[in-house]
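*Asks:* What follows is query_25.txt, compact mmCIF, C-alpha atoms.
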# COMPACT_ATOMS: atom_id res chain seq x y z
CA MET V 94 27.41 -14.47 -8.62
CA LEU V 95 26.12 -17.85 -7.45
CA SER V 96 26.13 -18.73 -3.77
CA ALA V 97 27.83 -21.91 -2.66
CA PRO V 98 25.49 -24.48 -1.11
CA LEU V 99 25.89 -24.57 2.66
CA SER V 100 24.44 -26.86 5.30
CA SER V 101 21.61 -25.45 7.43
CA ALA V 102 23.81 -25.74 10.52
CA ALA V 103 26.38 -23.41 8.95
CA VAL V 104 23.96 -20.65 7.93
CA ARG V 105 22.29 -18.19 10.27
CA PRO V 106 18.78 -17.13 9.23
CA VAL V 107 18.01 -13.89 7.42
CA ARG V 108 15.68 -11.50 9.23
CA LEU V 109 13.67 -9.61 6.61
CA LEU V 110 11.37 -6.79 7.70
CA HIS V 111 8.52 -6.25 5.21
CA THR V 112 6.51 -3.03 5.01
CA SER V 113 4.55 -1.36 2.24
CA ASP V 114 2.29 1.39 0.90
CA TRP V 115 3.79 4.38 2.72
CA HIS V 116 2.13 6.92 0.40
CA LEU V 117 4.53 9.70 1.34
CA GLY V 118 2.92 13.06 0.57
CA HIS V 119 -0.60 11.79 1.20
CA GLU V 120 -3.26 14.28 2.27
CA LEU V 121 -6.65 13.46 3.78
CA PHE V 122 -9.28 15.99 2.70
CA GLY V 123 -6.61 18.69 2.69
CA HIS V 124 -4.96 17.61 5.97
CA THR V 125 -1.27 16.74 5.71
CA ARG V 126 0.01 13.40 7.06
CA GLU V 127 3.64 14.49 7.49
CA ALA V 128 3.64 14.16 11.28
CA GLU V 129 2.27 10.61 11.01
CA HIS V 130 4.88 9.64 8.45
CA ASP V 131 7.66 11.07 10.64
CA ALA V 132 6.37 9.12 13.65
CA PHE V 133 6.14 5.91 11.62
CA LEU V 134 9.62 6.23 10.13
CA ALA V 135 11.14 6.94 13.56
CA TRP V 136 9.38 3.85 14.95
CA LEU V 137 10.49 1.79 11.94
CA SER V 138 14.13 2.78 12.44
CA ASP V 139 13.95 1.75 16.10
CA THR V 140 12.19 -1.50 15.20
CA LEU V 141 14.83 -2.43 12.61
CA ALA V 142 17.49 -1.96 15.28
CA GLN V 143 15.58 -3.81 18.01
CA THR V 144 14.75 -6.81 15.82
CA GLN V 145 18.30 -6.95 14.44
CA ALA V 146 16.87 -7.04 10.93
CA ASP V 147 19.24 -7.92 8.11
CA ALA V 148 17.11 -6.39 5.35
CA LEU V 149 14.25 -3.93 4.88
CA LEU V 150 11.83 -4.58 2.01
CA VAL V 151 9.26 -1.94 0.94
CA THR V 152 6.80 -3.36 -1.58
CA GLY V 153 5.64 -0.30 -3.49
CA ASP V 154 3.57 2.86 -3.34
CA ILE V 155 6.36 4.74 -1.63
CA TYR V 156 4.74 7.97 -2.77
CA ASP V 157 1.08 8.92 -3.02
CA VAL V 158 1.38 10.35 -6.54
CA ALA V 159 3.65 9.81 -9.53
CA ASN V 160 5.19 13.29 -9.16
CA PRO V 161 5.60 13.65 -5.38
CA SER V 162 6.33 16.94 -3.67
CA VAL V 163 9.88 17.88 -2.74
CA PRO V 164 9.21 17.36 1.02
CA ALA V 165 7.91 13.83 0.31
CA GLN V 166 11.06 12.94 -1.62
CA GLN V 167 13.29 14.51 1.02
CA ARG V 168 11.55 12.45 3.67
CA LEU V 169 12.43 9.21 1.87
CA TYR V 170 16.07 10.03 1.15
CA ARG V 171 16.74 11.42 4.62
CA PHE V 172 15.32 8.21 6.07
CA ILE V 173 17.55 6.05 3.86
CA ALA V 174 20.61 8.16 4.73
CA ALA V 175 19.83 7.98 8.47
CA LEU V 176 19.40 4.19 8.28
CA ARG V 177 22.72 3.78 6.49
CA GLN V 178 24.39 5.74 9.31
CA ARG V 179 22.59 3.91 12.12
CA LEU V 180 22.53 0.38 10.65
CA PRO V 181 25.39 0.20 8.13
CA ARG V 182 25.00 -3.53 7.40
CA LEU V 183 21.23 -3.29 6.74
CA GLN V 184 20.20 -4.04 3.16
CA ILE V 185 17.39 -1.84 1.82
CA ILE V 186 15.20 -2.97 -1.10
CA ILE V 187 12.47 -0.63 -2.38
CA ILE V 188 10.25 -1.54 -5.34
CA GLY V 189 7.85 0.74 -7.20
CA GLY V 190 4.06 0.54 -6.97
CA ASN V 191 1.20 1.67 -9.18
CA HIS V 192 1.16 5.12 -7.50
CA ASP V 193 4.89 5.57 -8.14
CA SER V 194 6.76 6.82 -11.18
CA ALA V 195 9.16 4.02 -12.10
CA VAL V 196 11.76 6.50 -13.38
CA ARG V 197 11.54 8.63 -10.24
CA ILE V 198 12.28 5.61 -8.03
CA ASP V 199 15.05 4.30 -10.32
CA LEU V 200 16.86 7.57 -10.92
CA PRO V 201 18.72 7.97 -7.56
CA GLY V 202 20.01 4.39 -7.83
CA ALA V 203 23.40 5.56 -9.10
CA LEU V 204 23.88 7.70 -5.98
CA VAL V 205 23.39 4.97 -3.36
CA ASP V 206 25.70 2.19 -2.28
CA ALA V 207 25.48 -1.49 -3.19
CA ASP V 208 23.29 -2.38 -0.21
CA VAL V 209 20.46 -0.03 -1.30
CA HIS V 210 18.36 -1.35 -4.18
CA LEU V 211 15.83 1.03 -5.78
CA ILE V 212 13.75 -0.90 -8.32
CA GLY V 213 11.09 1.45 -9.68
CA GLY V 214 10.30 -0.37 -12.92
CA LEU V 215 11.07 -3.86 -14.15
CA PRO V 216 14.84 -3.80 -14.86
CA ARG V 217 15.78 -4.72 -18.41
CA HIS V 218 18.99 -5.58 -20.23
CA GLU V 219 18.86 -5.85 -24.03
CA ARG V 220 15.04 -5.88 -23.84
CA GLU V 221 14.96 -8.87 -21.48
CA PRO V 222 14.32 -8.79 -17.70
CA ASP V 223 17.65 -8.04 -16.04
CA MET V 224 17.99 -10.94 -13.61
CA GLU V 225 21.23 -9.52 -12.20
CA ARG V 226 19.28 -6.55 -10.79
CA ILE V 227 16.06 -8.43 -10.01
CA CYS V 228 17.72 -11.27 -8.05
CA ILE V 229 19.31 -9.96 -4.86
CA PRO V 230 21.30 -12.02 -2.32
CA LEU V 231 20.26 -11.38 1.28
CA LYS V 232 23.06 -11.50 3.82
CA ASN V 233 22.65 -12.67 7.39
CA THR V 234 24.28 -11.22 10.49
CA ASP V 235 27.57 -12.91 9.52
CA GLY V 236 27.58 -11.04 6.21
CA VAL V 237 27.02 -14.31 4.32
CA PRO V 238 24.32 -14.69 1.61
CA ALA V 239 21.71 -16.88 3.35
CA ALA V 240 18.63 -16.21 1.18
CA TRP V 241 17.74 -14.68 -2.20
CA LEU V 242 15.05 -12.16 -3.07
CA ALA V 243 13.41 -11.31 -6.40
CA ALA V 244 12.59 -7.59 -6.47
CA VAL V 245 9.56 -7.39 -8.79
CA PRO V 246 7.92 -3.95 -8.96
CA PHE V 247 4.45 -3.11 -10.25
CA CYS V 248 4.35 -4.44 -13.81
CA ARG V 249 2.80 -2.37 -16.57
CA PRO V 250 1.51 -3.87 -19.86
CA SER V 251 4.77 -2.94 -21.62
CA ASP V 252 6.67 -5.14 -19.13
CA LEU V 253 4.88 -8.31 -20.25
CA ASP V 254 5.15 -10.52 -23.31
CA ALA V 255 2.64 -13.06 -24.62
CA THR V 256 3.15 -15.27 -21.56
CA GLY V 257 1.85 -12.51 -19.29
CA LEU V 258 2.57 -12.08 -15.62
CA SER V 259 2.72 -15.83 -14.97
CA GLY V 260 5.42 -16.23 -17.61
CA LEU V 261 7.43 -13.38 -16.13
CA TYR V 262 7.30 -14.81 -12.60
CA ALA V 263 8.20 -18.27 -13.92
CA ARG V 264 11.34 -16.91 -15.61
CA ILE V 265 12.27 -14.90 -12.53
CA MET V 266 11.79 -17.91 -10.25
CA SER V 267 13.99 -20.04 -12.50
CA ALA V 268 16.76 -17.43 -12.39
CA LEU V 269 16.36 -17.05 -8.63
CA ALA V 270 16.58 -20.81 -8.03
CA ASP V 271 19.75 -21.02 -10.14
CA ARG V 272 21.37 -18.45 -7.87
CA ALA V 273 19.92 -19.59 -4.53
CA ARG V 274 21.06 -23.22 -4.88
CA GLY V 275 18.93 -24.45 -2.00
CA LEU V 276 18.84 -21.26 0.08
CA PRO V 277 15.41 -19.76 0.96
CA MET V 278 13.84 -17.69 -1.83
CA VAL V 279 11.60 -14.63 -1.47
CA LEU V 280 9.31 -13.31 -4.20
CA SER V 281 7.96 -9.78 -4.08
CA GLY V 282 5.37 -7.83 -6.03
CA HIS V 283 2.89 -4.99 -6.11
CA LEU V 284 -0.43 -6.28 -7.37
CA HIS V 285 -3.88 -7.49 -6.36
CA VAL V 286 -3.97 -11.21 -5.65
CA ALA V 287 -7.36 -12.94 -5.47
CA GLY V 288 -8.52 -13.48 -1.90
CA GLY V 289 -7.08 -10.23 -0.62
CA GLU V 290 -9.47 -7.81 1.09
CA VAL V 291 -9.66 -4.41 -0.61
CA SER V 292 -10.16 -0.94 0.92
CA GLU V 293 -12.55 0.55 -1.60
CA LEU V 294 -12.08 4.18 -0.54
CA SER V 295 -8.32 4.32 -1.06
CA GLU V 296 -7.05 1.54 -3.35
CA ARG V 297 -7.15 1.76 -7.11
CA ARG V 298 -8.05 -1.35 -9.04
CA LEU V 299 -5.13 -2.82 -10.97
CA VAL V 300 -5.28 -4.58 -14.32
CA ILE V 301 -2.10 -6.48 -15.19
CA GLY V 302 -1.94 -8.63 -18.28
CA GLY V 303 -5.71 -8.31 -18.69
CA GLU V 304 -6.45 -9.62 -15.20
CA GLU V 305 -7.70 -7.54 -12.29
CA ALA V 306 -6.71 -10.06 -9.60
CA ALA V 307 -3.99 -12.67 -10.01
CA ALA V 308 -4.40 -16.16 -8.57
CA THR V 309 -2.10 -17.36 -5.79
CA ASP V 310 -0.71 -20.04 -8.13
CA LEU V 311 1.10 -17.20 -9.90
CA PHE V 312 3.83 -17.81 -7.29
CA ASP V 313 6.04 -20.87 -7.28
CA PRO V 314 5.47 -23.04 -4.16
CA ARG V 315 9.24 -23.24 -3.71
CA ALA V 316 9.17 -19.65 -2.44
CA ALA V 317 9.87 -19.39 1.28
CA TYR V 318 7.91 -16.12 1.44
CA VAL V 319 5.91 -13.93 -0.95
CA ALA V 320 5.97 -10.25 0.10
CA LEU V 321 3.26 -8.13 -1.51
CA GLY V 322 2.15 -4.53 -1.65
CA HIS V 323 -0.98 -2.67 -2.85
CA LEU V 324 -3.70 -3.77 -0.38
CA HIS V 325 -3.72 -1.61 2.73
CA ARG V 326 -5.11 -4.16 5.18
CA PRO V 327 -2.32 -6.38 6.60
CA GLN V 328 -3.32 -9.93 5.68
CA THR V 329 -2.02 -13.40 4.93
CA LEU V 330 -3.49 -15.24 1.94
CA LYS V 331 -4.31 -18.94 1.84
CA ALA V 332 -1.71 -20.60 -0.38
CA ALA V 333 0.91 -23.32 -0.57
CA MET V 334 3.52 -20.87 0.72
CA PRO V 335 3.38 -17.81 3.05
CA ILE V 336 1.90 -14.90 1.04
CA ARG V 337 1.44 -11.66 2.93
CA TYR V 338 0.41 -8.07 2.36
CA ALA V 339 2.26 -5.91 4.88
CA GLY V 340 -0.38 -3.16 4.59
CA SER V 341 -0.09 0.60 5.00
CA PRO V 342 1.47 2.17 8.13
CA PHE V 343 -1.72 4.02 9.18
CA PRO V 344 -5.28 4.62 7.87
CA LEU V 345 -5.34 6.31 4.48
CA SER V 346 -9.14 6.60 4.51
CA ALA V 347 -12.04 6.25 6.94
CA ALA V 348 -12.51 2.67 5.70
CA GLU V 349 -9.14 1.71 7.20
CA ARG V 350 -9.53 3.12 10.70
CA GLY V 351 -10.40 -0.30 12.13
CA TYR V 352 -7.27 -2.02 10.80
CA ARG V 353 -4.47 -3.12 13.09
CA HIS V 354 -1.61 -1.73 11.02
CA CYS V 355 1.71 -3.56 11.32
CA VAL V 356 4.93 -4.62 9.65
CA THR V 357 5.97 -8.23 9.10
CA LEU V 358 9.24 -9.78 10.21
CA ALA V 359 10.04 -12.86 8.11
CA ILE V 360 12.74 -15.06 9.59
CA LEU V 361 14.09 -17.10 6.68
CA GLU V 362 15.67 -20.40 7.66
CA GLN V 363 16.44 -23.39 5.47
CA SER V 364 14.02 -25.40 7.56
CA GLY V 365 11.15 -22.97 6.96
CA THR V 366 9.91 -19.40 7.41
CA ARG V 367 8.65 -17.86 10.63
CA LEU V 368 6.47 -14.75 10.47
CA GLU V 369 6.02 -12.20 13.23
CA THR V 370 3.65 -9.24 12.98
CA LEU V 371 4.77 -6.09 14.78
CA PRO V 372 1.93 -3.59 15.46
CA ILE V 373 2.62 0.02 14.47
CA PRO V 374 1.66 2.59 17.13
CA ARG V 375 -1.02 4.95 15.82
CA SER V 376 0.20 8.50 16.39
CA VAL V 377 -3.09 10.13 15.31
CA ASP V 378 -6.56 8.77 16.11
CA PHE V 379 -9.35 8.49 13.55
CA LEU V 380 -12.76 9.20 15.11
CA ARG V 381 -16.26 8.83 13.74
CA ILE V 382 -19.60 10.10 15.05
CA PRO V 383 -21.35 7.77 15.46
CA GLU V 384 -19.05 4.74 15.49
CA ASN V 385 -21.39 3.06 12.98
CA GLY V 386 -24.45 4.22 11.08
CA ALA V 387 -25.66 7.83 11.29
CA LEU V 388 -27.28 10.26 13.78
CA THR V 389 -29.87 12.97 13.40
CA LEU V 390 -28.40 16.46 13.25
CA ASP V 391 -29.48 17.27 16.83
CA ASP V 392 -27.99 14.04 18.20
CA ALA V 393 -24.77 14.56 16.24
CA VAL V 394 -24.39 18.09 17.61
CA ASN V 395 -24.90 16.77 21.15
CA ALA V 396 -22.31 14.01 20.57
CA ILE V 397 -19.77 16.54 19.28
CA GLN V 398 -20.33 18.84 22.23
CA ALA V 399 -19.82 15.88 24.60
CA LEU V 400 -16.37 15.16 23.15
CA THR V 401 -13.59 15.64 25.68
CA LEU V 402 -10.15 15.41 24.10
CA PRO V 403 -6.70 16.52 25.28
CA ASP V 404 -5.25 19.59 23.60
CA ARG V 405 -2.59 18.70 21.00
CA PRO V 406 -0.63 20.47 18.26
CA ARG V 407 -2.66 20.70 15.06
CA ALA V 408 -0.66 18.00 13.25
CA GLN V 409 -1.37 15.50 16.06
CA GLN V 410 -5.09 16.19 16.49
CA PRO V 411 -7.47 13.31 15.68
CA PHE V 412 -9.34 13.18 12.40
CA ILE V 413 -13.11 13.04 12.66
CA GLU V 414 -15.86 12.03 10.25
CA ILE V 415 -19.50 12.77 11.05
CA ALA V 416 -22.46 10.91 9.53
CA ILE V 417 -25.82 12.74 9.58
CA LEU V 418 -29.17 11.05 8.99
CA ILE V 419 -31.13 13.26 6.57
CA ASN V 420 -34.93 13.03 6.26
CA GLY V 421 -35.47 16.36 4.52
CA PRO V 422 -33.83 19.72 3.80
CA GLU V 423 -31.20 20.74 6.37
CA PRO V 424 -30.05 24.21 5.19
CA HIS V 425 -27.99 24.87 8.34
CA LEU V 426 -26.39 21.43 8.66
CA GLN V 427 -22.80 22.42 7.93
CA ALA V 428 -23.00 25.62 9.97
CA ARG V 429 -24.30 23.77 13.03
CA ILE V 430 -21.63 21.05 12.75
CA LEU V 431 -18.83 23.58 12.38
CA ALA V 432 -20.18 25.61 15.32
CA ALA V 433 -20.26 22.48 17.52
CA LEU V 434 -16.66 21.68 16.52
CA GLU V 435 -15.43 25.19 17.32
CA GLY V 436 -12.60 24.96 19.85
CA LYS V 437 -12.45 21.14 19.72
CA PRO V 438 -8.92 19.77 19.09
CA VAL V 439 -9.97 17.67 16.08
CA ARG V 440 -9.62 17.88 12.28
CA LEU V 441 -12.82 17.40 10.31
CA THR V 442 -12.41 15.17 7.24
CA ARG V 443 -15.99 15.21 5.97
CA ILE V 444 -19.67 15.33 6.84
CA ARG V 445 -21.53 12.37 5.35
CA ARG V 446 -25.19 12.90 4.54
CA VAL V 447 -27.07 9.62 4.83
CA THR V 448 -30.67 9.15 3.67
CA PRO V 449 -32.79 6.19 4.90
CA GLN V 450 -32.72 3.43 2.30
CA SER V 451 -35.98 2.28 0.74
CA GLY V 452 -36.27 -0.55 -1.75
CA GLN V 453 -33.66 -1.88 -4.15
CA THR V 454 -31.21 0.68 -5.51
CA THR V 455 -28.38 0.80 -8.00
CA PRO V 456 -24.89 2.10 -7.14
CA LEU V 457 -25.84 5.39 -8.81
CA SER V 458 -28.99 5.93 -6.78
CA ASP V 459 -28.18 4.26 -3.46
CA PRO V 460 -29.20 6.94 -0.92
CA THR V 461 -27.03 5.53 1.85
CA ARG V 462 -23.82 6.16 -0.10
CA ASP V 463 -21.94 9.41 -0.15
CA LEU V 464 -20.96 10.71 -3.60
CA SER V 465 -17.27 10.49 -2.69
CA ASP V 466 -17.70 6.77 -1.89
CA LEU V 467 -18.84 5.88 -5.42
CA ARG V 468 -16.18 4.17 -7.52
CA ALA V 469 -15.82 4.92 -11.21
CA GLU V 470 -16.19 1.20 -11.94
CA ASP V 471 -19.57 1.09 -10.14
CA ILE V 472 -20.82 4.10 -12.11
CA PHE V 473 -19.65 2.55 -15.41
CA ILE V 474 -21.44 -0.74 -14.67
CA ALA V 475 -24.64 1.03 -13.60
CA MET V 476 -24.70 3.27 -16.67
CA HIS V 477 -24.08 0.31 -19.00
CA GLN V 478 -26.89 -1.59 -17.26
CA ARG V 479 -29.20 1.41 -17.64
CA GLU V 480 -28.43 1.94 -21.33
CA HIS V 481 -28.22 -1.67 -22.51
CA GLN V 482 -30.18 -3.59 -19.83
CA THR V 483 -27.15 -5.81 -19.28
CA PRO V 484 -23.85 -5.50 -17.41
CA PRO V 485 -20.70 -4.84 -19.49
CA SER V 486 -18.74 -7.81 -20.80
CA GLU V 487 -15.61 -8.94 -19.01
CA ALA V 488 -13.43 -7.63 -21.86
CA LEU V 489 -15.14 -4.24 -21.78
CA SER V 490 -14.76 -4.01 -17.99
CA ARG V 491 -11.05 -4.76 -18.28
CA ALA V 492 -10.60 -2.14 -20.99
CA PHE V 493 -12.38 0.45 -18.83
CA ALA V 494 -10.19 -0.43 -15.82
CA GLU V 495 -7.03 0.03 -17.93
CA LEU V 496 -8.25 3.42 -19.18
CA LEU V 497 -9.10 4.43 -15.62
CA LEU V 498 -5.59 3.52 -14.45
CA GLU V 499 -3.99 5.64 -17.18
CA ALA V 500 -6.33 8.56 -16.45
CA SER V 501 -5.52 8.43 -12.73
CA ARG V 502 -1.79 8.60 -13.49
CA GLU V 503 -2.30 11.65 -15.70
CA GLU V 504 -4.45 13.28 -13.02
CA ASP V 505 -1.75 12.69 -10.37
CA SER V 506 0.85 14.29 -12.63
CA ALA V 507 -1.32 17.32 -13.42
CA GLN V 508 -2.26 17.94 -9.79
CA THR V 509 1.31 17.67 -8.57
CA ASP V 510 2.69 19.88 -11.34
CA GLY V 511 0.20 22.52 -10.24
CA LYS V 512 1.45 22.35 -6.64
CA ASN V 513 5.18 22.47 -7.44
Taking this structure as input, can you express it in the form of structure tokens?
*Replies:*
Amino acid sequence: MLSAPLSSAAVRPVRLLHTSDWHLGHELFGHTREAEHDAFLAWLSDTLAQTQADALLVTGDIYDVANPSVPAQQRLYRFIAALRQRLPRLQIIIIGGNHDSAVRIDLPGALVDADVHLIGGLPRHEREPDMERICIPLKNTDGVPAAWLAAVPFCRPSDLDATGLSGLYARIMSALADRARGLPMVLSGHLHVAGGEVSELSERRLVIGGEEAAATDLFDPRAAYVALGHLHRPQTLKAAMPIRYAGSPFPLSAAERGYRHCVTLAILEQSGTRLETLPIPRSVDFLRIPENGALTLDDAVNAIQALTLPDRPRAQQPFIEIAILINGPEPHLQARILAALEGKPVRLTRIRRVTPQSGQTTPLSDPTRDLSDLRAEDIFIAMHQREHQTPPSEALSRAFAELLLEASREEDSAQTDGKN
């Protein structure tokens, strides 16, 4: 259905709230994040009501693994059901990410009403992208379509033809413009766009159409807003139009504890787009001893003993990471740390052993890096350099990244099947 062109004076703006990368079911070194997700979703429901949002857009990685646990799935559907009761005119658009199973997101679509759009994989009709499902009219407070949104989930190689991701977005933008007829247009996606800052400890590299990072010119400058998911740091990219990663709702690794997590409210008017960032309260703190660098074992024990924290239920206790400077054998390191933490209302994530750096090192032998910090890509490059005295070619690096992505999906499935 095409919308009739209306003058800007006759159309109220659309208020679109953009969030992303919830990772429902996520665990941090064995510690559940359920209490944090519950706190975030309660805050999000209140924020949608307070901002009088017309639509909620979630740009992928709803779940942490392709086969999420039953509680993780229940958490999502209970939230959607509660929103439909509380805010009956709110439109909800959820697209799949690289952590998600496209089928698992798509499947409940037949059970929800017309204002809930679950787009797990790229919709198709007779082998072509289904523009009727991809292009969604966004209604304003008067119930009138006042903007259009293209719901584009994470695209796998099978979703693309010879024209690649750029060809797909060009066709989608053409279909969107035909329907919008002058109304503001929103593009969405779950991918890594060049210029975005990556959290190396928690984000998997993506290879789409042979490219690890897409350029900002992938998106048509006619777009009033480009809403992205995948990168966990909230950030706006430099481009001809507003391009923004909403970011994750709270830290998913120690590398993200310094972020100011937020959601984005995009106010879509025919005269332009206004963006407001709304900080998300952090329900659980993420501590580190020391704040930066590392301490000797004795100094670290003293710092732990000096901690004074209020008593809280286990699920609300802060996480803590401890970095120890190692100059030689420390056979009682873990025992001393655990003894110092006894009775403290904190949850230990890990003890990092840091050795003083000397000279130039490779990613494999860098003594300042913890084993769990090493990325598979770094190890591959270092091993290729060691064996062949040259870094791998660009084509070989891309092929390795694609294999790594497939292996990580299989690992997620195997781990979750073992839990259920």
*Asks:* How many Å lie between CA of Ala399 in chain V and CA of Gly436 in chain V, rounded to one decimal?
*Replies:*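 For CA of Ala399 in chain V relative to CA of Gly436 in chain V, the distance reads 12.5 Å.
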*Asks:* What separation in Å, quoted to one decimal, exists between CA of Phe493 in chain V and CA of Pro250 in chain V?
*Replies:*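 Answer for the CA of Phe493 in chain V to CA of Pro250 in chain V separation: 14.6 Å.
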*Asks:* My list of candidates is V:Leu121, V:Ala387, V:Val279, V:Ile198. Which is closest to Ile155 in chain V when distances are computed with all atoms listed in the file?
*Replies:* V:Ile198
*Asks:* Could you work out how far CA of Ile173 in chain V lies from CA of Pro342 in chain V, giving the answer in Å with one decimal?
*Replies:*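 Interatomic distance, CA of Pro342 in chain V to CA of Ile173 in chain V: 17.1 Å.
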*Asks:* Take the point (-9.4, -7.6, 6.7) as written in the file and pick out every residue within 7 Å of it, counting only C-alpha atoms; give the list as a list in words.
*Replies:*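 Final list of nearby residues, as requested, is Glu290, Arg326 and Gln328 of chain V.
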